[in-house]
$ cat my_file_20.cif   # mmCIF, C-alpha atoms
data_protein
loop_
_atom_site.label_atom_id
_atom_site.label_comp_id
_atom_site.auth_asym_id
_atom_site.auth_seq_id
_atom_site.Cartn_x
_atom_site.Cartn_y
_atom_site.Cartn_z
CA MET A 227 0.00 0.00 0.00
CA GLY A 228 1.46 3.27 -1.16
CA LEU A 229 -0.35 5.30 1.43
CA ALA A 230 1.14 3.40 4.26
CA LYS A 231 4.42 4.78 5.43
CA GLY A 232 5.72 8.30 5.93
CA GLY A 233 5.07 10.99 3.32
CA VAL A 234 1.98 13.16 3.46
CA ASP A 235 -0.06 13.19 6.61
CA LEU A 236 -3.36 12.04 5.18
CA GLY A 237 -4.94 12.05 8.59
CA MET A 238 -4.73 15.85 8.38
CA THR A 239 -5.57 17.19 11.76
CA MET A 240 -7.50 20.17 10.44
CA ASP A 241 -8.31 23.11 12.58
CA LEU A 242 -11.91 22.49 13.64
CA GLN A 243 -12.65 26.16 14.14
CA LEU A 244 -11.47 26.99 10.65
CA LYS A 245 -13.58 24.16 9.29
CA SER A 246 -16.78 25.38 10.92
CA GLU A 247 -16.00 28.96 9.91
CA LEU A 248 -15.57 27.88 6.29
CA SER A 249 -18.78 25.84 6.31
CA ARG A 250 -20.66 28.92 7.54
CA GLN A 251 -19.34 30.72 4.50
CA GLY A 252 -20.64 27.97 2.25
CA ILE A 253 -17.37 26.15 1.75
CA PHE A 254 -17.38 22.46 2.55
CA THR A 255 -14.05 21.02 3.55
CA THR A 256 -13.15 17.48 4.37
CA THR A 257 -10.16 15.23 4.58
CA LEU A 258 -9.21 12.31 2.41
CA GLU A 259 -9.43 10.07 5.46
CA GLU A 260 -12.99 11.12 6.24
CA VAL A 261 -14.18 10.56 2.67
CA TYR A 262 -12.36 7.25 2.49
CA ASN A 263 -13.84 6.01 5.76
CA TRP A 264 -17.29 7.31 4.85
CA GLY A 265 -17.16 5.39 1.60
CA ARG A 266 -16.06 2.19 3.27
CA ARG A 267 -18.52 2.27 6.14
CA SER A 268 -21.50 3.17 3.97
CA SER A 269 -21.26 0.18 1.67
CA VAL A 270 -20.14 -2.78 3.73
CA TRP A 271 -21.37 -5.71 1.71
CA PRO A 272 -21.68 -8.94 3.65
CA LEU A 273 -20.99 -12.40 2.34
CA THR A 274 -24.04 -14.63 1.86
CA PHE A 275 -23.03 -17.17 4.39
CA GLY A 276 -24.82 -18.77 7.32
CA LEU A 277 -23.92 -21.78 9.43
CA ALA A 278 -26.80 -22.42 11.83
CA CYS A 279 -29.80 -20.86 13.53
CA CYS A 280 -28.11 -17.43 13.89
CA ALA A 281 -28.30 -17.23 10.10
CA ILE A 282 -32.09 -17.11 10.37
CA GLU A 283 -31.81 -14.00 12.55
CA MET A 284 -29.32 -12.57 10.07
CA ILE A 285 -31.82 -13.12 7.25
CA ALA A 286 -34.55 -11.49 9.37
CA THR A 287 -32.26 -8.49 9.87
CA THR A 288 -32.00 -7.94 6.14
CA MET A 289 -35.76 -8.22 5.54
CA ALA A 290 -38.31 -5.42 5.58
CA ARG A 291 -38.99 -5.27 9.33
CA TYR A 292 -35.40 -4.53 10.38
CA ASP A 293 -33.99 -3.54 7.01
CA LEU A 294 -30.21 -3.64 7.27
CA ALA A 295 -30.18 -1.75 3.95
CA ARG A 296 -30.60 1.47 5.94
CA PHE A 297 -26.96 1.12 6.94
CA GLY A 298 -25.62 0.34 3.49
CA ALA A 299 -25.37 -3.42 3.82
CA GLU A 300 -28.25 -4.48 1.65
CA VAL A 301 -26.23 -6.34 -0.94
CA PHE A 302 -25.31 -9.80 0.27
CA ARG A 303 -22.72 -11.03 -2.18
CA PRO A 304 -22.66 -14.69 -3.13
CA SER A 305 -18.92 -14.59 -3.84
CA PRO A 306 -16.19 -13.86 -1.30
CA ARG A 307 -14.36 -11.88 -4.01
CA GLN A 308 -17.03 -9.19 -3.86
CA ALA A 309 -17.72 -9.14 -0.13
CA ASP A 310 -16.35 -6.82 2.57
CA LEU A 311 -17.86 -8.37 5.65
CA MET A 312 -18.11 -11.93 6.87
CA ILE A 313 -20.89 -12.50 9.38
CA VAL A 314 -20.02 -15.80 11.03
CA ALA A 315 -23.59 -16.68 11.98
CA GLY A 316 -23.75 -19.97 13.81
CA THR A 317 -21.85 -22.95 15.17
CA VAL A 318 -18.52 -23.52 13.48
CA THR A 319 -17.78 -27.23 13.56
CA LYS A 320 -14.22 -28.39 13.23
CA LYS A 321 -15.12 -29.95 9.92
CA MET A 322 -16.39 -26.59 8.63
CA ALA A 323 -13.62 -24.38 10.06
CA PRO A 324 -11.09 -24.80 7.20
CA GLN A 325 -13.76 -23.75 4.69
CA VAL A 326 -14.63 -20.66 6.74
CA VAL A 327 -10.98 -19.61 6.92
CA ARG A 328 -10.54 -20.26 3.21
CA LEU A 329 -13.53 -18.04 2.42
CA TYR A 330 -12.05 -15.32 4.61
CA ASN A 331 -8.72 -15.60 2.81
CA GLN A 332 -10.49 -15.21 -0.53
CA MET A 333 -12.10 -11.90 0.46
CA PRO A 334 -10.32 -8.75 -0.74
CA GLU A 335 -9.00 -6.17 1.73
CA PRO A 336 -10.33 -4.25 3.57
CA LYS A 337 -12.36 -7.03 5.15
CA TYR A 338 -14.19 -7.31 8.42
CA VAL A 339 -15.63 -10.11 10.53
CA ILE A 340 -18.61 -10.11 12.86
CA ALA A 341 -18.82 -13.21 15.06
CA MET A 342 -22.54 -13.57 15.67
CA GLY A 343 -23.90 -15.57 18.59
CA ALA A 344 -22.55 -17.66 21.44
CA CYS A 345 -21.27 -20.46 19.19
CA ALA A 346 -19.26 -18.25 16.85
CA ILE A 347 -17.61 -16.36 19.70
CA SER A 348 -16.83 -19.26 22.03
CA GLY A 349 -18.49 -22.54 21.04
CA GLY A 350 -21.59 -21.63 23.04
CA PRO A 351 -23.72 -24.47 24.39
CA PHE A 352 -21.61 -26.94 22.37
CA LYS A 353 -18.34 -25.69 23.82
CA GLN A 354 -17.50 -28.96 25.54
CA GLY A 355 -18.25 -31.03 22.46
CA TYR A 356 -15.46 -32.74 20.58
CA ASN A 357 -16.29 -31.36 17.14
CA VAL A 358 -17.11 -27.70 17.77
CA LEU A 359 -14.58 -24.94 17.29
CA LYS A 360 -14.34 -22.89 20.47
CA GLY A 361 -14.69 -19.53 18.76
CA ILE A 362 -13.88 -18.55 15.18
CA ASP A 363 -11.33 -16.06 16.55
CA ARG A 364 -8.97 -19.02 16.86
CA TYR A 365 -8.31 -18.69 13.13
CA ILE A 366 -9.48 -15.33 11.80
CA PRO A 367 -9.42 -11.84 13.36
CA VAL A 368 -12.87 -10.81 14.58
CA ASP A 369 -13.85 -7.12 14.67
CA VAL A 370 -17.09 -7.35 16.64
CA HIS A 371 -18.36 -10.16 18.85
CA ILE A 372 -22.11 -10.43 19.55
CA PRO A 373 -23.23 -12.60 22.46
CA GLY A 374 -26.69 -14.19 22.44
CA CYS A 375 -28.29 -17.46 21.44
CA PRO A 376 -29.28 -16.35 18.90
CA PRO A 377 -28.79 -12.57 19.10
CA ARG A 378 -31.84 -10.54 18.11
CA PRO A 379 -31.74 -8.58 14.83
CA GLU A 380 -31.28 -5.41 16.90
CA ALA A 381 -28.09 -6.91 18.31
CA LEU A 382 -26.78 -7.60 14.82
CA MET A 383 -27.60 -4.03 13.80
CA ASP A 384 -25.85 -2.76 16.92
CA ALA A 385 -22.81 -4.82 15.99
CA PHE A 386 -22.98 -3.42 12.47
CA ILE A 387 -23.13 0.16 13.75
CA THR A 388 -20.24 -0.63 16.09
CA LEU A 389 -18.28 -1.85 13.09
CA GLN A 390 -19.12 1.38 11.23
CA LYS A 391 -17.88 3.42 14.19
CA LYS A 392 -14.72 1.36 14.22
CA ILE A 393 -14.18 1.99 10.50
CA ASP A 394 -14.84 5.71 11.01
CA ALA A 395 -12.18 5.93 13.70
CA GLN A 396 -9.47 4.30 11.60
CA SER A 397 -6.60 6.43 10.37
CA LEU A 398 -4.83 5.90 7.08
CA THR A 399 -1.35 6.38 8.44
CA GLY A 400 0.48 6.09 11.70
CA ALA A 401 1.14 3.26 14.07
CA ASP A 402 -2.52 2.57 14.78
CA ARG A 403 -3.53 2.24 11.14
CA PRO A 404 -5.59 -0.87 10.38
CA ARG A 405 -3.92 -4.15 9.65
CA TYR A 406 -4.53 -4.13 5.90
CA LEU A 407 -2.61 -0.87 5.45
CA ASP A 408 0.45 -2.34 7.09
CA PRO A 409 2.45 -4.30 4.51
CA ASP A 410 4.13 -6.27 7.27
CA GLU A 411 0.87 -7.67 8.61
CA PRO A 412 -0.65 -10.73 6.96
CA SER A 413 -3.94 -10.54 5.07
CA GLU A 414 -4.38 -14.29 4.80
CA PHE A 415 -4.33 -16.68 7.68
CA ILE A 416 -3.38 -20.33 7.88
CA VAL A 417 -6.10 -22.75 6.90
CA PRO A 418 -6.19 -25.54 9.50
CA GLN A 419 -5.70 -29.10 8.29
CA TYR A 420 -7.71 -32.13 9.31
CA GLY A 421 -5.52 -34.02 11.77
CA ALA A 422 -5.77 -37.47 13.30
CA HIS A 423 -7.27 -36.20 16.55
CA ASP A 424 -7.95 -32.48 16.08
CA LEU A 425 -7.44 -29.64 13.63
CA GLU A 426 -3.79 -28.86 12.92
CA PRO A 427 -2.95 -26.37 14.36
CA PRO A 428 -5.73 -26.15 16.96
CA LYS A 429 -5.42 -22.37 16.99
CA ASN A 430 -3.47 -19.59 15.31
CA VAL A 431 -1.29 -18.27 18.11
CA LYS A 432 0.15 -15.49 15.94
CA LEU A 433 -3.34 -14.18 15.26
CA TRP A 434 -4.11 -13.91 18.95
CA ASN A 435 -1.05 -11.73 19.35
CA ILE A 436 -2.30 -9.40 16.58
CA ILE A 437 -5.69 -9.08 18.25
CA THR A 438 -4.16 -8.34 21.63
CA LYS A 439 -1.99 -5.65 20.01
CA THR A 440 -4.92 -3.88 18.32
CA ALA A 441 -7.02 -4.19 21.46
CA LEU A 442 -4.23 -2.48 23.43
CA SER A 443 -3.83 0.34 20.90
CA GLY A 444 -7.54 1.03 21.39
CA SER A 445 -8.65 1.44 17.79
CA CYS A 446 -12.28 1.04 18.79
CA ALA A 447 -14.02 2.46 21.81
CA THR A 448 -17.00 0.16 22.20
CA GLY A 449 -18.14 -3.31 21.36
CA GLU A 450 -14.78 -4.91 20.84
CA ASP A 451 -13.93 -7.65 23.23
CA GLY A 452 -11.13 -9.63 21.64
CA PRO A 453 -10.37 -12.92 23.31
CA GLY A 454 -6.92 -11.91 24.57
CA LYS A 455 -5.48 -14.20 27.19
CA ASP A 456 -7.22 -12.96 30.31
CA MET B 9 -47.17 -58.02 20.02
CA ASP B 10 -45.62 -60.73 22.14
CA LEU B 11 -41.83 -60.82 22.18
CA GLU B 12 -41.74 -64.46 23.29
CA LYS B 13 -43.93 -65.43 20.35
CA THR B 14 -41.79 -63.44 17.93
CA LYS B 15 -38.70 -65.12 19.34
CA SER B 16 -40.07 -68.62 18.91
CA SER B 17 -41.36 -67.93 15.41
CA ILE B 18 -37.92 -66.64 14.36
CA GLU B 19 -36.21 -69.63 15.94
CA GLY B 20 -38.65 -71.93 14.18
CA ALA B 21 -37.99 -70.39 10.81
CA ILE B 22 -34.21 -70.17 10.93
CA ALA B 23 -32.34 -73.35 11.70
CA GLY B 24 -29.69 -73.14 14.39
CA CYS B 25 -30.63 -69.63 15.43
CA ARG B 26 -30.64 -68.94 19.16
CA LEU B 27 -32.09 -65.65 20.36
CA GLN B 28 -31.99 -64.13 23.78
CA ILE B 29 -34.41 -61.68 25.33
CA VAL B 30 -32.65 -58.76 26.99
CA PRO B 31 -35.05 -57.56 29.67
CA ASN B 32 -35.63 -53.88 30.32
CA ALA B 33 -36.36 -53.25 33.98
CA SER B 34 -37.60 -49.69 33.50
CA PRO B 35 -41.35 -48.82 33.54
CA SER B 36 -41.45 -48.80 29.75
CA GLY B 37 -40.60 -52.51 29.81
CA GLN B 38 -39.29 -52.35 26.27
CA HIS B 39 -37.47 -55.67 26.13
CA SER B 40 -35.20 -56.40 23.23
CA LEU B 41 -33.98 -59.36 21.22
CA LEU B 42 -30.30 -60.17 21.14
CA ILE B 43 -29.36 -61.82 17.87
CA GLU B 44 -26.17 -63.59 16.90
CA ARG B 45 -23.87 -62.17 14.28
CA GLU B 46 -23.98 -65.26 12.05
CA HIS B 47 -27.75 -65.32 11.72
CA ALA B 48 -28.45 -61.58 11.84
CA LEU B 49 -29.00 -61.15 8.14
CA ALA B 50 -31.31 -64.19 7.91
CA VAL B 51 -33.27 -63.01 10.96
CA ALA B 52 -33.62 -59.54 9.49
CA ARG B 53 -34.81 -60.90 6.17
CA PHE B 54 -37.35 -63.10 7.93
CA LEU B 55 -38.62 -60.19 10.05
CA ARG B 56 -39.10 -58.11 6.96
CA THR B 57 -40.75 -60.71 4.73
CA ASP B 58 -42.82 -62.77 7.18
CA ARG B 59 -46.57 -62.28 6.66
CA GLU B 60 -47.34 -62.03 10.36
CA LEU B 61 -44.44 -59.86 11.50
CA CYS B 62 -43.84 -57.76 8.38
CA PHE B 63 -41.38 -55.26 9.88
CA ASP B 64 -41.06 -53.01 6.85
CA TYR B 65 -39.69 -49.91 8.58
CA CYS B 66 -36.40 -49.46 10.44
CA SER B 67 -36.83 -46.17 12.25
CA ASN B 68 -33.64 -45.92 14.21
CA VAL B 69 -30.20 -47.49 14.53
CA THR B 70 -27.87 -46.56 17.31
CA GLY B 71 -24.76 -47.76 19.09
CA VAL B 72 -23.88 -48.46 22.70
CA ASP B 73 -20.42 -48.80 24.17
CA TRP B 74 -20.12 -51.19 27.09
CA LEU B 75 -16.83 -50.97 28.93
CA ASP B 76 -15.21 -53.89 30.75
CA THR B 77 -17.02 -54.30 34.04
CA GLU B 78 -15.92 -55.93 37.23
CA THR B 79 -18.53 -57.29 39.61
CA SER B 80 -17.64 -58.46 43.06
CA GLU B 81 -19.83 -60.69 45.19
CA LYS B 82 -19.38 -61.99 48.69
CA VAL B 83 -19.36 -65.74 49.00
CA LYS B 84 -19.35 -67.70 52.24
CA VAL B 85 -16.63 -70.30 52.17
CA THR B 86 -15.87 -72.94 54.79
CA ARG B 87 -12.18 -73.18 55.51
CA MET B 88 -9.85 -74.68 58.04
CA VAL B 89 -8.47 -71.89 60.18
CA ASP B 90 -6.18 -72.89 63.09
CA GLY B 91 -7.47 -76.44 63.06
CA LEU B 92 -11.09 -75.31 63.27
CA GLU B 93 -13.62 -75.29 60.52
CA GLN B 94 -14.94 -71.76 60.02
CA THR B 95 -17.12 -69.98 57.51
CA VAL B 96 -15.27 -67.03 56.07
CA ASP B 97 -16.52 -64.32 53.73
CA GLU B 98 -14.62 -64.23 50.52
CA VAL B 99 -14.91 -61.63 47.78
CA ARG B 100 -14.98 -63.07 44.31
CA LYS B 101 -14.43 -60.82 41.38
CA THR B 102 -15.78 -61.59 37.95
CA ARG B 103 -14.63 -59.60 35.00
CA ILE B 104 -17.10 -59.12 32.16
CA PRO B 105 -15.31 -58.05 29.00
CA GLY B 106 -16.69 -55.02 27.21
CA TYR B 107 -18.30 -54.96 23.80
CA LEU B 108 -19.94 -52.63 21.33
CA GLU B 109 -23.60 -52.95 20.56
CA ALA B 110 -25.80 -51.89 17.64
CA VAL B 111 -29.49 -51.39 18.41
CA TYR B 112 -32.19 -51.40 15.73
CA HIS B 113 -35.77 -50.20 16.24
CA LEU B 114 -38.21 -51.82 13.85
CA TYR B 115 -41.84 -51.02 13.12
CA SER B 116 -44.44 -52.43 10.81
CA MET B 117 -46.32 -49.85 8.79
CA GLU B 118 -48.63 -52.46 7.33
CA LYS B 119 -49.54 -54.29 10.55
CA LYS B 120 -49.23 -51.14 12.68
CA HIS B 121 -47.12 -52.74 15.38
CA GLY B 122 -43.75 -52.14 16.90
CA PRO B 123 -41.24 -51.26 18.01
CA LEU B 124 -39.21 -54.43 17.98
CA VAL B 125 -35.78 -53.75 19.41
CA LEU B 126 -32.92 -55.80 17.97
CA ARG B 127 -29.44 -55.87 19.44
CA MET B 128 -26.18 -57.16 18.04
CA ARG B 129 -22.95 -57.34 19.99
CA THR B 130 -19.33 -57.38 18.87
CA GLY B 131 -16.81 -59.81 20.31
CA ASN B 132 -14.85 -57.12 22.11
CA ARG B 133 -14.01 -53.43 21.82
CA THR B 134 -10.68 -53.69 20.03
CA ASP B 135 -10.22 -56.21 17.22
CA GLN B 136 -13.46 -58.19 16.87
CA ILE B 137 -15.61 -55.23 15.92
CA VAL B 138 -17.30 -56.52 12.77
CA LEU B 139 -21.08 -56.85 12.60
CA PRO B 140 -23.21 -57.70 9.57
CA SER B 141 -24.84 -54.68 7.99
CA LEU B 142 -28.64 -54.68 7.84
CA THR B 143 -28.67 -51.96 5.16
CA PRO B 144 -29.40 -54.54 2.42
CA ILE B 145 -32.67 -55.29 4.28
CA TRP B 146 -33.63 -51.81 5.45
CA ARG B 147 -32.19 -49.04 3.30
CA SER B 148 -32.91 -46.46 6.00
CA ALA B 149 -30.10 -47.96 8.10
CA GLU B 150 -27.43 -46.78 5.67
CA PHE B 151 -26.56 -43.37 7.11
CA GLN B 152 -27.14 -44.47 10.68
CA GLU B 153 -24.77 -47.41 10.32
CA ARG B 154 -22.22 -44.99 8.88
CA GLU B 155 -22.75 -42.79 11.91
CA ILE B 156 -22.17 -45.74 14.26
CA PHE B 157 -19.04 -46.65 12.28
CA ASP B 158 -17.88 -43.04 12.66
CA LEU B 159 -18.65 -42.48 16.33
CA TYR B 160 -18.32 -45.99 17.83
CA GLY B 161 -16.03 -47.77 15.38
CA ILE B 162 -18.22 -50.78 14.60
CA VAL B 163 -17.40 -52.09 11.12
CA PHE B 164 -20.52 -53.13 9.22
CA GLU B 165 -19.81 -55.92 6.79
CA GLY B 166 -21.89 -55.72 3.63
CA HIS B 167 -22.58 -52.00 3.91
CA PRO B 168 -22.60 -50.43 0.43
CA ASP B 169 -20.68 -47.26 1.35
CA LEU B 170 -19.01 -47.43 4.73
CA ARG B 171 -17.28 -44.08 5.28
CA ARG B 172 -17.20 -41.58 8.11
CA ILE B 173 -20.23 -39.36 7.96
CA LEU B 174 -19.75 -36.64 10.60
CA MET B 175 -16.03 -36.43 11.27
CA TRP B 176 -13.43 -35.98 8.56
CA ASP B 177 -11.82 -38.99 6.87
CA GLU B 178 -8.41 -38.38 8.44
CA PHE B 179 -9.87 -38.57 11.95
CA GLU B 180 -8.81 -41.67 13.85
CA ASP B 181 -10.78 -41.72 17.10
CA HIS B 182 -14.36 -42.69 17.85
CA PRO B 183 -15.78 -39.80 19.88
CA MET B 184 -18.80 -41.58 21.37
CA ARG B 185 -16.75 -44.34 22.97
CA LYS B 186 -16.61 -43.99 26.70
CA ASP B 187 -12.82 -43.99 26.84
CA TYR B 188 -12.47 -41.25 24.21
CA VAL B 189 -10.24 -38.38 25.30
CA GLU B 190 -11.14 -35.12 23.58
CA PRO B 191 -8.48 -32.60 22.61
CA ASN B 192 -7.85 -30.03 25.32
CA ASP B 193 -8.95 -26.67 23.88
CA TYR B 194 -9.53 -25.02 27.22
CA GLU B 195 -6.64 -22.54 27.34
CA TYR B 196 -9.01 -19.58 27.54
CA GLU B 197 -11.88 -19.93 30.00
CA PRO B 198 -13.55 -16.83 31.42
CA THR B 199 -15.36 -18.63 34.26
CA PRO B 200 -13.87 -22.10 34.71
CA HIS B 201 -15.17 -24.46 37.35
CA ASP B 202 -15.14 -28.19 38.17
CA ALA B 203 -14.04 -30.37 35.25
CA VAL B 204 -13.47 -27.36 33.01
CA LEU B 205 -11.23 -25.79 35.64
CA GLU B 206 -9.07 -28.92 35.66
CA LYS B 207 -8.84 -28.97 31.87
CA SER B 208 -8.11 -25.26 31.83
CA LYS B 209 -5.23 -25.75 34.30
CA GLN B 210 -3.79 -28.56 32.17
CA ALA B 211 -4.02 -26.48 29.00
CA ARG B 212 -2.30 -23.54 30.67
CA ALA B 213 0.47 -25.80 31.95
CA ILE B 214 1.06 -27.10 28.40
CA GLU B 215 0.95 -23.53 27.09
CA GLY B 216 3.51 -22.48 29.71
CA GLN B 217 5.95 -25.16 28.57
CA GLN B 218 5.88 -24.01 24.95
#
$ encode --input "my_file_20.cif" --output "structure tokens"
Amino acid sequence: MGLAKGGVDLGMTMDLQLKSELSRQGIFTTTLEEVYNWGRRSSVWPLTFGLACCAIEMIATTMARYDLARFGAEVFRPSPRQADLMIVAGTVTKKMAPQVVRLYNQMPEPKYVIAMGACAISGGPFKQGYNVLKGIDRYIPVDVHIPGCPPRPEALMDAFITLQKKIDAQSLTGADRPRYLDPDEPSEFIVPQYGAHDLEPPKNVKLWNIITKTALSGSCATGEDGPGKD
Amino acid sequence: MDLEKTKSSIEGAIAGCRLQIVPNASPSGQHSLLIEREHALAVARFLRTDRELCFDYCSNVTGVDWLDTETSEKVKVTRMVDGLEQTVDEVRKTRIPGYLEAVYHLYSMEKKHGPLVLRMRTGNRTDQIVLPSLTPIWRSAEFQEREIFDLYGIVFEGHPDLRRILMWDEFEDHPMRKDYVEPNDYEYEPTPHDAVLEKSKQARAIEGQQ
């Protein structure tokens, strides 16, 4: 990414007083960062992708009563190549996990993940089962976790708005820029293999370190509760 | 439907077949028939085709894992102790080897009776784990026998497509067996207690070593 390091300060800490003075005079000013973030957060297209009962609530959210289209997410794309957001809606079994990670890897940057429901964030009621992944954040970085079994459509919308706030707060440059603007950070993550007794590896330790780092830098004020390690 | 009658009619029809009634002590009193491996297919065919019985529908197939059990009973034994004859209590232990069991629930749609519960047992839990498949008789048993093969490890001889159905092909264990040890994924537990606390401690110890 050319924007990434050094050079022009695209964040542009503009004088707020000057900005409001100009707008009073009929001159609209903005920054590249604001326009860029506005564009991204206003058309987050989710991947058509559901795993269990949470998917039913996700479908309800997109229908007329709740109408997720109000927030710019009306187009569910059937291909990961065209999607920006993966809503992991439901129980991720160990047999399904490699496919979920592969789909995530196939999505273009910038990409986001909402882990919806108790199963997707931790394994939920099936946590002590032998074939259920104990949280999709073992393999892919999750932006917003929603508890609930299943979460109501309002909860999904809240998570979506939280994600939009998170996108809005991201800066294009600097140390706290998002992962995809840092050429040193990976954009694809290891796809687990089917092992003799469990998935190999059982979790992506490197990924957990990334999440802990971003959680510490405080890129998002609310809604983010990365797994961390206590 | 009388189980005793069914038993004797099966034994009458198939030469050399010995059945055993496994009693069920619970209020439901749903006793079952234990059939031998060698005659299972013939018994199944008879149950399906016989005019009177006509079990045309196999609703459910499941597995049971019976571990080795040890029963001890007190026996009074007379023995010479210090020149005197005395009765002494002695504990005798009998070891019953474990086995795997497949259970079939049969109904008759035509005669509107059932269920008839069939059981088949393997020789042991390790190397004699082959049972005859009843899929050629009741097609509905196909996926359920695959599931038993997957989760309990019973090999069904004569099954048209015996593969794992729930776990992946590379998986080696049988998760529904009682001695199955699941992988320890408990390194992060927000509120651990009891068994989970123990597992969580183990996982952290392993994590600490790495």
$ atom_distance --input "my_file_20.cif" --atom1 "CA of Phe302 (chain A)" --atom2 "CA of Pro272 (chain A)"
5.0 Å
$ interface_residues --input "my_file_20.cif" --of "chain A" --to "chain B" --cutoff "10 Å" --atoms "all atoms listed in the file" --output "PyMOL selection string"
chain A and resi 319-322+348+353-357+359-360+419-425+428-429+453-456
$ residues_around --input "my_file_20.cif" --residues "Gly316 (chain A)" --least-positions-apart "4" --cutoff "6 Å" --atoms "all atoms listed in the file" --output "PyMOL selection string"
chain A and resi 277-278+280+345-346
$ closest_residue --input "my_file_20.cif" --among "A:Gln396, A:Arg403, A:Met383, A:Val327" --to "Phe415 (chain A)" --atoms "all atoms listed in the file"
A:Val327
$ resolve_selection --input "my_file_20.cif" --expression "the PyMOL selection byres ((chain B and resi 106) around 10)" --output "PyMOL selection string"
chain B and resi 73-77+103-105+107-109+129-134
$ residues_around --input "my_file_20.cif" --residues "Lys119 (chain B)" --least-positions-apart "2" --cutoff "8 Å" --atoms "all atoms listed in the file" --output "PDB file with C-alpha atoms, keeping the file's coordinate frame"
ATOM      1  CA  LEU B  61     -44.440 -59.860  11.500  1.00  0.00           C
ATOM      2  CA  CYS B  62     -43.840 -57.760   8.380  1.00  0.00           C
ATOM      3  CA  SER B 116     -44.440 -52.430  10.810  1.00  0.00           C
ATOM      4  CA  MET B 117     -46.320 -49.850   8.790  1.00  0.00           C
ATOM      5  CA  HIS B 121     -47.120 -52.740  15.380  1.00  0.00           C
TER       6      HIS B 121
END
$ residues_around --input "my_file_20.cif" --residues "Glu153 (chain B)" --least-positions-apart "6" --cutoff "9 Å" --atoms "all atoms listed in the file" --output "list in words"
Val69, Thr70, Gly71, Ala110, Ser141, Leu142, Thr143, Ile162, Val163, Phe164, His167 and Leu170 of chain B
$ closest_residue --input "my_file_20.cif" --among "A:Pro427, A:Gly298, A:Pro334, A:Gly343" --to "Ile313 (chain A)" --atoms "all atoms listed in the file"
A:Gly343
$ residues_around --input "my_file_20.cif" --residues "region 410-414 of chain A" --least-positions-apart "6" --cutoff "9 Å" --atoms "all atoms listed in the file" --output "list in words"
Val327, Arg328, Tyr330, Asn331, Gln332, Pro334, Glu335, Ile366 and Ile436 of chain A
$ atom_distance --input "my_file_20.cif" --atom1 "CA of Arg45 (chain B)" --atom2 "CA of Ile137 (chain B)"
10.9 Å
$ resolve_selection --input "my_file_20.cif" --expression "the PyMOL selection byres ((chain A and resi 306) around 7)" --output "list in words"
Leu273, Pro304, Ser305, Arg307, Gln308, Ala309, Leu329, Gln332 and Met333 of chain A
$ resolve_selection --input "my_file_20.cif" --expression "the PyMOL selection byres ((chain B and resi 39) around 9)" --output "list in words"
Leu11, Ile29, Val30, Pro31, Asn32, Ala33, Ser36, Gly37, Gln38, Ser40, Leu41, Leu124 and Val125 of chain B
$ residues_around --input "my_file_20.cif" --residues "Thr95 (chain B)" --least-positions-apart "3" --cutoff "12 Å" --atoms "all atoms listed in the file" --output "number ranges by chain"
B: 83-89, 92, 98
$ atom_distance --input "my_file_20.cif" --atom1 "CA of Asp187 (chain B)" --atom2 "CA of Leu159 (chain B)"
12.1 Å
